[in-house]
>>> print(open('entry_17.txt').read())   # compact mmCIF, C-alpha atoms
# COMPACT_ATOMS: atom_id res chain seq x y z
CA MET T 1145 8.28 -23.31 -4.39
CA ASP T 1146 9.86 -21.97 -1.20
CA TRP T 1147 12.87 -20.79 -3.20
CA ILE T 1148 10.58 -19.11 -5.71
CA ALA T 1149 8.84 -17.36 -2.81
CA ILE T 1150 12.12 -16.20 -1.29
CA VAL T 1151 13.32 -14.86 -4.66
CA SER T 1152 9.94 -13.17 -5.22
CA GLY T 1153 10.09 -11.55 -1.79
CA PHE T 1154 13.62 -10.39 -2.53
CA GLY T 1155 12.57 -8.85 -5.86
CA VAL T 1156 9.61 -6.97 -4.42
CA GLY T 1157 11.68 -5.87 -1.43
CA ALA T 1158 14.37 -4.50 -3.74
CA ILE T 1159 11.79 -2.48 -5.70
CA VAL T 1160 10.35 -1.08 -2.47
CA GLY T 1161 13.86 -0.14 -1.38
CA LEU T 1162 14.50 1.55 -4.73
CA THR T 1163 11.27 3.51 -5.05
CA GLY T 1164 9.55 3.51 -1.66
CA VAL T 1165 6.39 2.08 -3.27
CA GLY T 1166 5.30 -1.04 -5.07
CA GLY T 1167 5.09 -3.55 -2.22
CA GLY T 1168 1.40 -4.43 -2.23
CA SER T 1169 0.85 -3.34 -5.81
CA LEU T 1170 3.41 -5.85 -7.07
CA MET T 1171 3.12 -8.59 -4.45
CA THR T 1172 -0.60 -9.23 -4.85
CA PRO T 1173 -0.47 -9.73 -8.67
CA LEU T 1174 2.56 -11.98 -8.07
CA LEU T 1175 0.62 -14.08 -5.57
CA LEU T 1176 -2.20 -14.40 -8.11
CA SER T 1177 -0.14 -15.21 -11.19
CA VAL T 1178 2.88 -17.13 -9.88
CA PHE T 1179 1.52 -18.82 -6.77
CA LYS T 1180 -2.05 -19.22 -8.08
CA LEU T 1181 -3.73 -18.04 -4.87
CA ASN T 1182 -7.35 -16.99 -5.07
CA PRO T 1183 -7.86 -13.20 -4.78
CA ALA T 1184 -9.00 -13.24 -1.14
CA VAL T 1185 -5.99 -15.28 0.08
CA ALA T 1186 -3.58 -13.23 -2.06
CA ILE T 1187 -4.91 -9.99 -0.56
CA GLY T 1188 -4.84 -11.30 3.02
CA THR T 1189 -1.30 -12.67 2.69
CA ASP T 1190 -0.07 -9.42 1.16
CA LEU T 1191 -1.59 -7.37 4.00
CA TRP T 1192 0.54 -9.26 6.53
CA PHE T 1193 3.57 -8.97 4.24
CA ALA T 1194 3.09 -5.18 4.15
CA ALA T 1195 2.49 -4.87 7.90
CA VAL T 1196 5.70 -6.73 8.79
CA THR T 1197 7.97 -5.17 6.17
CA LYS T 1198 6.83 -1.60 6.88
CA THR T 1199 7.14 -1.86 10.67
CA ALA T 1200 10.92 -1.40 10.57
CA GLY T 1201 10.53 1.55 8.20
CA SER T 1202 7.98 3.16 10.50
CA LEU T 1203 10.27 2.88 13.53
CA SER T 1204 13.17 4.30 11.54
CA HIS T 1205 11.14 7.33 10.39
CA HIS T 1206 9.82 7.89 13.91
CA GLN T 1207 13.34 7.95 15.35
CA ALA T 1208 14.37 10.44 12.66
CA GLY T 1209 11.40 12.69 13.48
CA HIS T 1210 9.83 12.29 10.04
CA VAL T 1211 6.31 11.33 11.20
CA ARG T 1212 3.56 13.95 11.59
CA TRP T 1213 1.60 12.00 14.18
CA HIS T 1214 -1.44 14.32 14.20
CA ILE T 1215 -1.97 13.58 10.49
CA THR T 1216 -1.39 9.86 11.07
CA ALA T 1217 -3.97 9.90 13.88
CA LEU T 1218 -6.58 11.61 11.68
CA LEU T 1219 -6.01 9.11 8.87
CA LEU T 1220 -6.33 6.19 11.30
CA ALA T 1221 -9.53 7.68 12.74
CA GLY T 1222 -11.07 7.07 9.34
CA SER T 1223 -9.19 4.05 8.01
CA ILE T 1224 -9.40 1.68 11.00
CA PRO T 1225 -13.22 1.85 11.40
CA ALA T 1226 -13.60 1.64 7.61
CA SER T 1227 -11.36 -1.43 7.48
CA ILE T 1228 -13.17 -3.14 10.36
CA GLY T 1229 -16.53 -2.35 8.76
CA THR T 1230 -15.45 -3.69 5.37
CA VAL T 1231 -14.14 -6.96 6.81
CA ALA T 1232 -17.23 -7.28 9.05
CA LEU T 1233 -19.43 -6.94 5.97
CA MET T 1234 -17.46 -9.76 4.34
CA HIS T 1235 -18.01 -11.86 7.47
CA PHE T 1236 -21.76 -11.32 7.55
CA THR T 1237 -22.35 -11.80 3.83
CA GLY T 1238 -19.90 -14.66 3.36
CA VAL T 1239 -17.10 -14.87 0.78
CA THR T 1240 -19.31 -15.44 -2.25
CA LYS T 1241 -18.57 -15.23 -5.97
CA GLY T 1242 -19.87 -11.66 -5.84
CA TRP T 1243 -17.25 -10.72 -3.26
CA ALA T 1244 -14.54 -12.48 -5.31
CA ALA T 1245 -15.50 -10.40 -8.34
CA ALA T 1246 -15.54 -7.21 -6.26
CA LEU T 1247 -12.11 -8.01 -4.81
CA THR T 1248 -10.66 -8.66 -8.27
CA LEU T 1249 -12.13 -5.48 -9.76
CA THR T 1250 -10.96 -3.37 -6.81
CA LEU T 1251 -7.48 -4.87 -7.11
CA GLY T 1252 -7.26 -4.00 -10.82
CA VAL T 1253 -8.48 -0.44 -10.31
CA ALA T 1254 -6.10 0.06 -7.36
CA LEU T 1255 -3.16 -1.09 -9.48
CA LEU T 1256 -4.01 1.42 -12.23
CA LEU T 1257 -4.50 4.22 -9.67
CA THR T 1258 -1.13 3.42 -8.15
CA ALA T 1259 0.50 3.60 -11.59
CA VAL T 1260 -0.99 7.07 -12.11
CA THR T 1261 0.17 8.32 -8.71
CA VAL T 1262 3.70 7.02 -9.29
CA ALA T 1263 3.91 8.39 -12.85
CA TYR T 1264 2.76 11.90 -11.93
CA LYS T 1265 4.42 12.17 -8.54
CA ARG T 1266 5.79 15.69 -9.17
CA VAL T 1267 2.43 17.04 -10.38
CA TRP T 1268 0.53 16.35 -7.18
CA GLN T 1269 2.38 18.94 -5.10
CA SER T 1270 1.49 21.77 -7.51
CA VAL T 1271 -2.13 20.57 -7.46
CA GLY T 1272 -2.06 20.57 -3.66
CA LEU T 1273 -0.67 24.11 -3.55
CA ARG T 1274 -3.54 25.27 -5.77
CA LEU T 1275 -6.07 23.46 -3.60
CA GLU T 1276 -4.83 25.41 -0.57
CA ARG T 1277 -6.72 28.44 -1.89
CA TRP T 1278 -9.99 26.52 -1.72
CA ILE T 1279 -9.48 24.38 1.39
CA PRO T 1280 -9.46 26.35 4.70
CA GLU T 1281 -7.14 25.02 7.38
CA HIS T 1282 -10.05 24.15 9.70
CA ARG T 1283 -11.51 21.76 7.11
CA LYS T 1284 -8.36 19.73 6.65
CA PRO T 1285 -8.87 17.46 9.69
CA LEU T 1286 -12.27 16.26 8.41
CA LEU T 1287 -10.93 15.80 4.88
CA THR T 1288 -7.98 13.83 6.29
CA VAL T 1289 -10.37 11.50 8.14
CA LEU T 1290 -12.39 11.02 4.93
CA CYS T 1291 -9.19 10.17 3.06
CA GLY T 1292 -8.54 7.60 5.78
CA VAL T 1293 -11.99 6.08 5.20
CA LEU T 1294 -11.24 5.76 1.47
CA LEU T 1295 -7.88 4.13 2.17
CA GLY T 1296 -9.38 1.80 4.77
CA VAL T 1297 -11.92 0.42 2.31
CA LEU T 1298 -9.45 0.25 -0.58
CA VAL T 1299 -6.72 -1.49 1.42
CA SER T 1300 -9.16 -3.98 2.98
CA LEU T 1301 -10.56 -4.94 -0.43
CA SER T 1302 -7.34 -4.96 -2.44
CA SER T 1303 -4.35 -4.70 -0.02
CA ILE T 1304 -3.22 -1.75 -2.20
CA GLY T 1305 -3.39 1.96 -1.53
CA ALA T 1306 -1.61 2.49 1.79
CA GLY T 1307 1.63 3.38 -0.02
CA ALA T 1308 1.58 5.48 -3.18
CA ILE T 1309 -2.10 6.45 -3.04
CA GLY T 1310 -1.90 7.29 0.66
CA ALA T 1311 1.18 9.44 0.14
CA THR T 1312 -0.52 11.26 -2.74
CA LEU T 1313 -3.59 12.08 -0.63
CA ILE T 1314 -1.35 13.44 2.13
CA LEU T 1315 0.54 15.53 -0.42
CA LEU T 1316 -2.69 16.97 -1.84
CA LEU T 1317 -3.92 18.07 1.58
CA TYR T 1318 -0.54 19.05 3.04
CA PRO T 1319 1.60 20.14 0.05
CA ARG T 1320 4.08 22.05 2.20
CA LEU T 1321 5.30 18.96 4.05
CA LYS T 1322 8.80 17.83 3.22
CA SER T 1323 9.07 14.65 1.15
CA HIS T 1324 10.55 12.61 4.02
CA GLU T 1325 7.68 13.75 6.28
CA ILE T 1326 5.12 12.57 3.72
CA VAL T 1327 6.85 9.19 3.41
CA GLY T 1328 7.26 8.80 7.18
CA THR T 1329 3.65 9.79 7.92
CA ASP T 1330 2.34 7.49 5.17
CA ILE T 1331 4.32 4.48 6.42
CA ALA T 1332 3.31 5.15 10.04
CA HIS T 1333 -0.33 5.08 8.92
CA ALA T 1334 0.13 1.99 6.72
CA VAL T 1335 1.43 -0.29 9.48
CA PRO T 1336 -1.62 -0.32 11.82
CA LEU T 1337 -4.04 -0.20 8.87
CA THR T 1338 -2.54 -3.22 7.09
CA LEU T 1339 -2.25 -5.05 10.42
CA VAL T 1340 -5.93 -4.51 11.28
CA ALA T 1341 -7.04 -5.45 7.78
CA GLY T 1342 -4.69 -8.44 7.87
CA ILE T 1343 -6.14 -9.66 11.17
CA GLY T 1344 -9.60 -9.33 9.66
CA HIS T 1345 -8.64 -11.44 6.65
CA ALA T 1346 -6.95 -13.96 8.96
CA THR T 1347 -10.26 -14.50 10.77
CA LEU T 1348 -11.71 -15.33 7.33
CA GLY T 1349 -8.92 -17.85 6.68
CA HIS T 1350 -7.38 -15.71 3.93
CA ILE T 1351 -3.69 -16.13 4.86
CA ASP T 1352 -1.10 -18.59 3.48
CA TRP T 1353 1.24 -18.48 6.48
CA ASN T 1354 3.95 -20.77 5.05
CA LEU T 1355 4.19 -18.73 1.87
CA LEU T 1356 4.20 -15.49 3.89
CA GLY T 1357 7.22 -16.67 5.91
CA ALA T 1358 9.23 -17.48 2.78
CA LEU T 1359 8.37 -14.11 1.20
CA LEU T 1360 9.54 -12.25 4.29
CA ILE T 1361 12.86 -14.13 4.35
CA GLY T 1362 13.58 -12.74 0.89
CA SER T 1363 12.15 -9.26 1.34
CA ILE T 1364 14.29 -8.16 4.30
CA PRO T 1365 17.66 -8.29 2.48
CA GLY T 1366 15.93 -7.14 -0.71
CA ILE T 1367 14.80 -3.87 0.84
CA TRP T 1368 18.29 -3.17 2.18
CA ILE T 1369 19.99 -3.85 -1.17
CA GLY T 1370 17.36 -1.81 -3.05
CA ALA T 1371 17.99 1.14 -0.77
CA GLN T 1372 21.71 0.95 -1.57
CA LEU T 1373 21.01 0.83 -5.32
CA THR T 1374 19.02 4.07 -5.26
CA ARG T 1375 22.32 5.92 -5.51
CA LYS T 1376 23.27 4.17 -8.77
CA LEU T 1377 20.05 3.86 -10.79
CA PRO T 1378 18.13 6.90 -12.14
CA GLU T 1379 14.83 7.31 -10.25
CA LYS T 1380 13.01 8.19 -13.49
CA LEU T 1381 14.03 4.88 -15.08
CA VAL T 1382 13.01 2.85 -12.03
CA ARG T 1383 9.64 4.59 -11.74
CA THR T 1384 8.96 4.16 -15.47
CA LEU T 1385 9.58 0.42 -15.23
CA LEU T 1386 7.42 0.25 -12.11
CA CYS T 1387 4.56 2.07 -13.87
CA VAL T 1388 4.72 -0.31 -16.84
CA ALA T 1389 4.57 -3.29 -14.47
CA LEU T 1390 1.63 -1.80 -12.55
CA VAL T 1391 -0.41 -1.00 -15.67
CA SER T 1392 0.26 -4.45 -17.14
CA ALA T 1393 -0.74 -6.17 -13.90
CA GLY T 1394 -3.84 -3.98 -13.47
CA LEU T 1395 -5.11 -4.64 -17.00
CA LYS T 1396 -4.43 -8.35 -16.64
CA VAL T 1397 -6.40 -8.54 -13.38
CA ILE T 1398 -9.37 -6.60 -14.74
CA THR T 1399 -9.55 -8.49 -18.02
>>> encode(input="entry_17.txt", output="structure tokens")
Amino acid sequence: MDWIAIVSGFGVGAIVGLTGVGGGSLMTPLLLSVFKLNPAVAIGTDLWFAAVTKTAGSLSHHQAGHVRWHITALLLAGSIPASIGTVALMHFTGVTKGWAAALTLTLGVALLLTAVTVAYKRVWQSVGLRLERWIPEHRKPLLTVLCGVLLGVLVSLSSIGAGAIGATLILLLYPRLKSHEIVGTDIAHAVPLTLVAGIGHATLGHIDWNLLGALLIGSIPGIWIGAQLTRKLPEKLVRTLLCVALVSAGLKVIT
């Protein structure tokens, strides 16, 4: 099973390297279907997987000057308290069948939302430019914090949303940012959020540490190779395949 985990980590890492998204949205369904983890443990394990794998990316974007730290700070002002509050609620109420059902439903919905954001990536910027007419500059900080709250709850319940959905929300509010600034800001926000949510799930016993280690061994070279392949494979083809996988996984989880 360790070899299966290493190969799985490599595959997900390669897709992340190719597209920049798909880590949590593919890893969690994989943990459920291949490794037969219950939803809570799958989500907790994936949160740590995301936190570790995205740390290097965050440092790289910071060194390149791609991170808009004031936007990252506003997102974290909403997402960290929301994440802590969500996990605290799980602590106080206990991990009951009701929570398991809520986690599964949230996971399925998050997968479908991610598929939509990936499929219509180019549309969101034009939508954001139109929204600029209706959103004054002084309201953007509050809206950014509220987006952080939404991401904090979504990521804590499903481990999904800090990547594609987070980048889309940033693009809608700040459509004039360059693409590498959106990616860098999104990754910089994802690392502390997934780490805090992951620590919360760890206190609930929701982490398979041995499996996590094997996944990370495979993901590190996978991300590097995927990044090299971006020059050879058409982005449209890769994103289409990713969308099909996300929709299939989302429908399977919900049903």
>>> residues_near_point(input="entry_17.txt", point="(3.9, 8.6, 6.6)", cutoff="8 Å", atoms="only C-alpha atoms", output="list in words")
Ser1202, His1210, Val1211, Arg1212, Thr1216, Ala1311, Glu1325, Ile1326, Val1327, Gly1328, Thr1329, Asp1330, Ile1331, Ala1332, His1333 and Ala1334 of chain T
>>> residues_around(input="entry_17.txt", residues="stretch 1293-1305 of chain T", least_positions_apart="5", cutoff="6 Å", atoms="all atoms listed in the file", output="PyMOL selection string")
chain T and resi 1168-1169+1187+1191+1222-1223+1226-1227+1247+1250-1251+1310+1341
>>> atom_distance(input="entry_17.txt", atom1="atom CA of T:Ser1363", atom2="atom CA of T:Ile1351")
17.6 Å
>>> atom_distance(input="entry_17.txt", atom1="atom CA of T:Ile1224", atom2="atom CA of T:Gly1272")
25.0 Å
>>> residues_around(input="entry_17.txt", residues="stretch 1283-1285 of chain T", least_positions_apart="3", cutoff="12 Å", atoms="only C-alpha atoms", output="PDB file with C-alpha atoms, in the frame of the given file")
ATOM      1  CA  HIS T1214      -1.440  14.320  14.200  1.00  0.00           C
ATOM      2  CA  ILE T1215      -1.970  13.580  10.490  1.00  0.00           C
ATOM      3  CA  THR T1216      -1.390   9.860  11.070  1.00  0.00           C
ATOM      4  CA  ALA T1217      -3.970   9.900  13.880  1.00  0.00           C
ATOM      5  CA  LEU T1218      -6.580  11.610  11.680  1.00  0.00           C
ATOM      6  CA  LEU T1219      -6.010   9.110   8.870  1.00  0.00           C
ATOM      7  CA  LEU T1220      -6.330   6.190  11.300  1.00  0.00           C
ATOM      8  CA  ALA T1221      -9.530   7.680  12.740  1.00  0.00           C
ATOM      9  CA  GLY T1222     -11.070   7.070   9.340  1.00  0.00           C
ATOM     10  CA  LEU T1275      -6.070  23.460  -3.600  1.00  0.00           C
ATOM     11  CA  GLU T1276      -4.830  25.410  -0.570  1.00  0.00           C
ATOM     12  CA  TRP T1278      -9.990  26.520  -1.720  1.00  0.00           C
ATOM     13  CA  ILE T1279      -9.480  24.380   1.390  1.00  0.00           C
ATOM     14  CA  PRO T1280      -9.460  26.350   4.700  1.00  0.00           C
ATOM     15  CA  THR T1288      -7.980  13.830   6.290  1.00  0.00           C
ATOM     16  CA  VAL T1289     -10.370  11.500   8.140  1.00  0.00           C
ATOM     17  CA  LEU T1290     -12.390  11.020   4.930  1.00  0.00           C
ATOM     18  CA  CYS T1291      -9.190  10.170   3.060  1.00  0.00           C
ATOM     19  CA  GLY T1292      -8.540   7.600   5.780  1.00  0.00           C
ATOM     20  CA  LEU T1313      -3.590  12.080  -0.630  1.00  0.00           C
ATOM     21  CA  ILE T1314      -1.350  13.440   2.130  1.00  0.00           C
ATOM     22  CA  LEU T1316      -2.690  16.970  -1.840  1.00  0.00           C
ATOM     23  CA  LEU T1317      -3.920  18.070   1.580  1.00  0.00           C
ATOM     24  CA  TYR T1318      -0.540  19.050   3.040  1.00  0.00           C
ATOM     25  CA  PRO T1319       1.600  20.140   0.050  1.00  0.00           C
TER      26      PRO T1319
END
>>> atom_distance(input="entry_17.txt", atom1="atom CA of T:Thr1347", atom2="atom CA of T:Val1151")
28.2 Å
>>> residues_around(input="entry_17.txt", residues="T:Leu1175", least_positions_apart="6", cutoff="9 Å", atoms="only C-alpha atoms", output="VMD selection string")
chain T and resid 1181 to 1183 1185 to 1187 1189 to 1190
